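As provided, upload.cif (mmCIF, C-alpha atoms) reads as follows.
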data_run
#
loop_
_atom_site.label_atom_id
_atom_site.label_comp_id
_atom_site.auth_asym_id
_atom_site.auth_seq_id
_atom_site.Cartn_x
_atom_site.Cartn_y
_atom_site.Cartn_z
CA MET A 1 0.00 0.00 0.00
CA SER A 2 1.33 3.39 -0.99
CA LEU A 3 0.02 6.68 0.32
CA ARG A 4 0.92 8.21 -3.04
CA ARG A 5 -2.06 6.40 -4.54
CA ILE A 6 -4.49 8.45 -2.39
CA PRO A 7 -6.06 11.09 -4.67
CA ILE A 8 -5.28 14.57 -3.33
CA VAL A 9 -8.07 16.66 -4.91
CA PRO A 10 -10.96 14.32 -3.89
CA THR A 11 -9.43 14.03 -0.40
CA LEU A 12 -9.34 17.82 -0.03
CA LEU A 13 -12.92 18.13 -1.31
CA VAL A 14 -14.14 15.53 1.20
CA LEU A 15 -12.26 17.25 4.03
CA VAL A 16 -13.79 20.62 3.14
CA ALA A 17 -17.29 19.09 2.89
CA VAL A 18 -16.89 17.30 6.23
CA GLY A 19 -15.60 20.53 7.82
CA VAL A 20 -18.64 22.44 6.53
CA MET A 21 -21.02 19.76 7.86
CA ILE A 22 -19.37 19.79 11.28
CA ARG A 23 -19.54 23.60 11.37
CA LEU A 24 -23.25 23.46 10.50
CA GLY A 25 -23.77 21.01 13.36
CA PHE A 26 -22.11 23.37 15.85
CA TRP A 27 -24.11 26.28 14.40
CA GLN A 28 -27.33 24.36 15.14
CA LEU A 29 -26.14 23.74 18.72
CA ASP A 30 -25.48 27.47 19.08
CA ARG A 31 -29.00 28.23 17.81
CA LEU A 32 -30.38 25.70 20.31
CA HIS A 33 -28.72 27.50 23.23
CA ARG A 34 -29.86 30.92 22.03
CA LYS A 35 -33.44 29.75 21.58
CA GLU A 36 -33.49 28.11 25.01
CA ALA A 37 -32.25 31.38 26.55
CA LEU A 38 -35.00 33.32 24.75
CA LEU A 39 -37.65 30.83 25.88
CA ALA A 40 -36.45 31.14 29.48
CA LEU A 41 -36.55 34.94 29.19
CA TYR A 42 -40.04 34.69 27.70
CA SER A 43 -41.30 32.51 30.55
CA GLN A 44 -39.81 34.87 33.13
CA ASN A 45 -40.95 38.16 31.61
CA ILE A 46 -44.43 37.12 30.48
CA ARG A 47 -45.38 36.59 34.14
CA LEU A 48 -44.38 40.13 35.14
CA SER A 49 -47.37 42.43 35.31
CA SER A 50 -45.56 45.78 35.08
CA GLU A 51 -45.25 47.50 31.73
CA VAL A 52 -42.04 48.81 30.17
CA ALA A 53 -42.01 52.31 28.72
CA LEU A 54 -40.67 52.88 25.22
CA PRO A 55 -38.10 53.81 24.06
CA VAL A 56 -35.86 51.23 25.71
CA ALA A 57 -32.12 51.92 25.77
CA PRO A 58 -30.26 49.42 23.56
CA ARG A 59 -28.31 47.99 26.51
CA GLU A 60 -31.59 47.42 28.41
CA ARG A 61 -33.55 46.10 25.45
CA GLU A 62 -32.89 42.41 26.07
CA ARG A 63 -34.32 42.65 29.60
CA ALA A 64 -37.43 44.23 28.11
CA TYR A 65 -38.11 41.43 25.62
CA PHE A 66 -41.52 39.80 26.17
CA ARG A 67 -42.60 42.53 28.60
CA HIS A 68 -45.78 44.48 28.01
CA THR A 69 -45.63 48.04 26.80
CA ARG A 70 -48.20 50.70 26.05
CA PHE A 71 -47.54 53.82 24.03
CA ALA A 72 -49.21 56.40 21.82
CA CYS A 73 -48.85 55.74 18.12
CA PRO A 74 -50.24 58.64 16.08
CA SER A 75 -49.26 57.09 12.74
CA ALA A 76 -48.20 53.65 11.55
CA GLY A 77 -47.13 54.76 8.09
CA THR A 78 -47.80 52.37 5.25
CA THR A 79 -48.80 48.96 6.50
CA ARG A 80 -47.54 45.84 4.78
CA PRO A 81 -48.92 42.31 5.04
CA MET A 82 -46.60 39.35 5.61
CA ALA A 83 -47.84 35.84 4.95
CA GLY A 84 -47.42 33.31 7.71
CA HIS A 85 -49.08 31.22 10.39
CA ASN A 86 -50.40 32.25 13.75
CA THR A 87 -49.87 30.06 16.80
CA LYS A 88 -53.15 28.24 16.07
CA GLY A 89 -51.55 27.05 12.82
CA GLU A 90 -53.91 29.08 10.65
CA THR A 91 -52.49 30.64 7.50
CA GLY A 92 -53.09 34.32 6.95
CA TRP A 93 -51.45 37.71 7.02
CA ALA A 94 -49.77 39.68 9.77
CA HIS A 95 -50.11 43.42 9.13
CA TRP A 96 -46.99 45.38 10.04
CA GLY A 97 -46.50 49.09 10.27
CA GLU A 98 -43.86 51.42 11.63
CA CYS A 99 -45.09 53.58 14.46
CA ARG A 100 -43.69 57.11 14.21
CA ARG A 101 -43.66 58.52 17.71
CA PRO A 102 -43.47 62.26 18.47
CA ASP A 103 -39.99 61.74 19.99
CA GLY A 104 -38.74 60.46 16.62
CA MET A 105 -38.42 56.80 17.62
CA ALA A 106 -39.72 54.31 15.07
CA VAL A 107 -41.07 50.98 16.32
CA ALA A 108 -42.09 48.07 14.09
CA VAL A 109 -45.61 47.10 15.17
CA ASN A 110 -47.69 44.04 14.34
CA LEU A 111 -51.12 45.64 14.05
CA GLY A 112 -53.01 42.37 13.78
CA TRP A 113 -53.81 39.21 11.88
CA SER A 114 -56.27 38.67 9.06
CA GLN A 115 -57.23 36.04 6.52
CA ALA A 116 -56.68 38.41 3.57
CA PRO A 117 -53.70 40.55 2.53
CA ALA A 118 -55.84 43.63 1.78
CA ALA A 119 -54.18 46.87 2.88
CA VAL A 120 -55.28 48.20 6.24
CA ARG A 121 -55.40 51.76 7.52
CA TYR A 122 -54.29 52.70 11.00
CA MET A 123 -56.12 55.71 12.42
CA GLY A 124 -53.81 56.32 15.38
CA GLY A 125 -54.26 55.67 19.06
CA THR A 126 -52.64 53.77 21.90
CA ILE A 127 -50.92 50.47 21.21
CA GLY A 128 -50.39 47.89 23.90
CA GLY A 129 -48.35 44.82 23.19
CA ILE A 130 -45.39 42.58 23.85
CA ILE A 131 -41.85 43.61 22.93
CA ALA A 132 -40.28 40.86 20.83
CA PRO A 133 -36.71 40.55 19.53
CA ASP A 134 -36.13 41.55 15.93
CA GLY A 135 -32.87 40.96 14.10
CA GLN A 136 -33.18 44.13 12.00
CA SER A 137 -34.42 46.85 14.34
CA GLY A 138 -33.55 45.19 17.64
CA ALA A 139 -37.14 45.08 18.89
CA ARG A 140 -40.68 45.03 17.57
CA VAL A 141 -44.05 45.20 19.28
CA VAL A 142 -46.73 42.56 18.81
CA ALA A 143 -49.99 44.36 19.56
CA ASP A 144 -52.48 42.93 22.04
CA ARG A 145 -55.44 44.52 20.32
CA PRO A 146 -55.26 44.75 16.55
CA ILE A 147 -56.85 47.56 14.59
CA GLU A 148 -60.55 47.41 13.87
CA GLY A 149 -61.57 44.78 11.34
CA LEU A 150 -58.65 42.44 11.96
CA GLU A 151 -58.73 39.22 13.90
CA PRO A 152 -56.35 39.20 16.88
CA SER A 153 -53.22 37.10 16.69
CA ALA A 154 -53.10 34.26 19.18
CA ALA A 155 -50.88 35.03 22.15
CA PRO A 156 -47.33 33.68 21.77
CA ASP A 157 -46.90 30.25 23.32
CA PRO A 158 -43.31 29.18 24.10
CA ASN A 159 -44.35 25.53 23.98
CA ALA A 160 -45.49 25.96 20.38
CA ILE A 161 -42.16 27.41 19.21
CA PRO A 162 -40.26 24.70 17.30
CA ASN A 163 -36.90 23.90 18.85
CA ASN A 164 -35.52 21.06 16.73
CA HIS A 165 -31.94 22.32 16.63
CA LEU A 166 -30.49 19.35 18.52
CA ALA A 167 -31.95 16.96 15.94
CA TYR A 168 -30.58 19.14 13.12
CA ALA A 169 -27.11 19.17 14.73
CA ILE A 170 -27.11 15.37 15.06
CA GLN A 171 -28.13 15.08 11.40
CA TRP A 172 -25.20 17.24 10.27
CA PHE A 173 -22.75 15.26 12.41
CA LEU A 174 -24.12 11.99 10.99
CA PHE A 175 -23.79 13.35 7.42
CA ALA A 176 -20.15 14.17 8.14
CA LEU A 177 -19.52 10.72 9.61
CA THR A 178 -21.21 9.04 6.64
CA ALA A 179 -19.07 11.02 4.19
CA VAL A 180 -15.87 10.02 6.03
CA VAL A 181 -16.85 6.33 6.14
CA ILE A 182 -17.83 6.19 2.45
CA TYR A 183 -14.63 7.97 1.43
CA ALA A 184 -12.48 5.73 3.65
CA LEU A 185 -14.04 2.63 2.08
CA ALA A 186 -13.40 4.00 -1.42
CA VAL A 187 -9.76 4.82 -0.60
CA ARG A 188 -9.24 1.40 1.04
CA LYS A 189 -10.60 -0.31 -2.08
CA ARG A 190 -8.30 1.75 -4.29
CA LEU A 191 -5.24 0.98 -2.15
CA ALA A 192 -6.06 -2.73 -2.04
CA ALA A 193 -6.23 -2.92 -5.85
#
Output the file's structure in the form of structure tokens.
Amino acid sequence: MSLRRIPIVPTLLVLVAVGVMIRLGFWQLDRLHRKEALLALYSQNIRLSSEVALPVAPRERERAYFRHTRFACPSAGTTRPMAGHNTKGETGWAHWGECRRPDGMAVAVNLGWSQAPAAVRYMGGTIGGIIAPDGQSGARVVADRPIEGLEPSAAPDPNAIPNNHLAYAIQWFLFALTAVVIYALAVRKRLAA
């Protein structure tokens, strides 16, 4: 058996592919830990009865996630529907707007849920809702009471939030192991010939 008979390019390709699969597995584990931390924060904060005033300083924002807030929203700008599912599993449209407050702060607000994507008009008023994390703006508000004519979204339920990241991580690790075993068998056959 000579190691010179091991093909270099296929070996490098397999090593890169296995490295990517292992990295994806660890990424899923990281997502698992982040989601578990958010679910714990949700469970803790949803039980608190006090409301949090907006705006929330960026360094305090994470503590405010899943707390109730109430604020005046004179205008929600142009609303836009986003297709999705509510926690009951029903398909429909969440209507989002950007609340322009007198102090200049803009807050993304879920104004409600409906079965049709037709444009809605927000007439202004007080919005009460739950502050939820948002990757783009840092925080958004899911309204408790949607605007007139829209069905309310079901309240968020942490038990209904999918958390399959451990299974996904195991799948990626198994894919990597399978690739290594198949490649090792192929190389062994080539060296034995």
- Task: To one decimal in Å, tell me the separation between CA of Ala17 in chain A and CA of Ala186 in chain A.
- Result: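 Taking CA of Ala17 in chain A as the start and CA of Ala186 in chain A as the end point, the length is 16.2 Å.
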- Would you list the contacts of Ile127 in chain A as JSON, numbers by chain, taking every protein, DNA or RNA residue within 12 Å and counting only C-alpha atoms, but skipping same-chain residues closer than 3 positions in sequence? {"A": [53, 54, 68, 69, 70, 71, 72, 73, 74, 75, 76, 97, 98, 99, 101, 107, 108, 109, 110, 111, 112, 122, 123, 124, 130, 131, 141, 142, 143, 144, 145, 146, 147]}
- Task: Report the distance between CA of Ser49 in chain A and CA of Ala132 in chain A in Å, rounded to one decimal place.
- Result: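 Rounded to one decimal, the two atoms are 16.2 Å apart.
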- Contacts of range 162-179 of chain A within 6 Å, only C-alpha atoms, excl. fewer than 3 positions in-chain, as a list in words: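 Here the answer would be Val18, Met21, Ile22, Gly25, Gln28, Leu32 and Ile182 of chain A.
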- Query: Which residues match the PyMOL selection byres ((chain A and resi 45) around 9) in the file above, as a PyMOL selection string?
  - Reply: chain A and resi 40-44+46-49+63-68
- Task: Please determine the residues with any atom at most 12 Å from (-43.6, 41.2, 0.1) (coordinates as given in the file, with all atoms listed in the file counting) and report them as a PyMOL selection string.
- Result: chain A and resi 79-84+93-96+117
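One distance worth recording is that between CA of Tyr183 in chain A and CA of Leu29 in chain A, which is 26.1 Å.
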- Task: Kindly indicate which residue among A:Gly138, A:Pro7, A:Gly92, A:Pro133 lies nearest to Ala118 in chain A, using all atoms listed in the file for the distances.
- Result: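 Among the listed residues, A:Gly92 lies closest to Ala118 in chain A.
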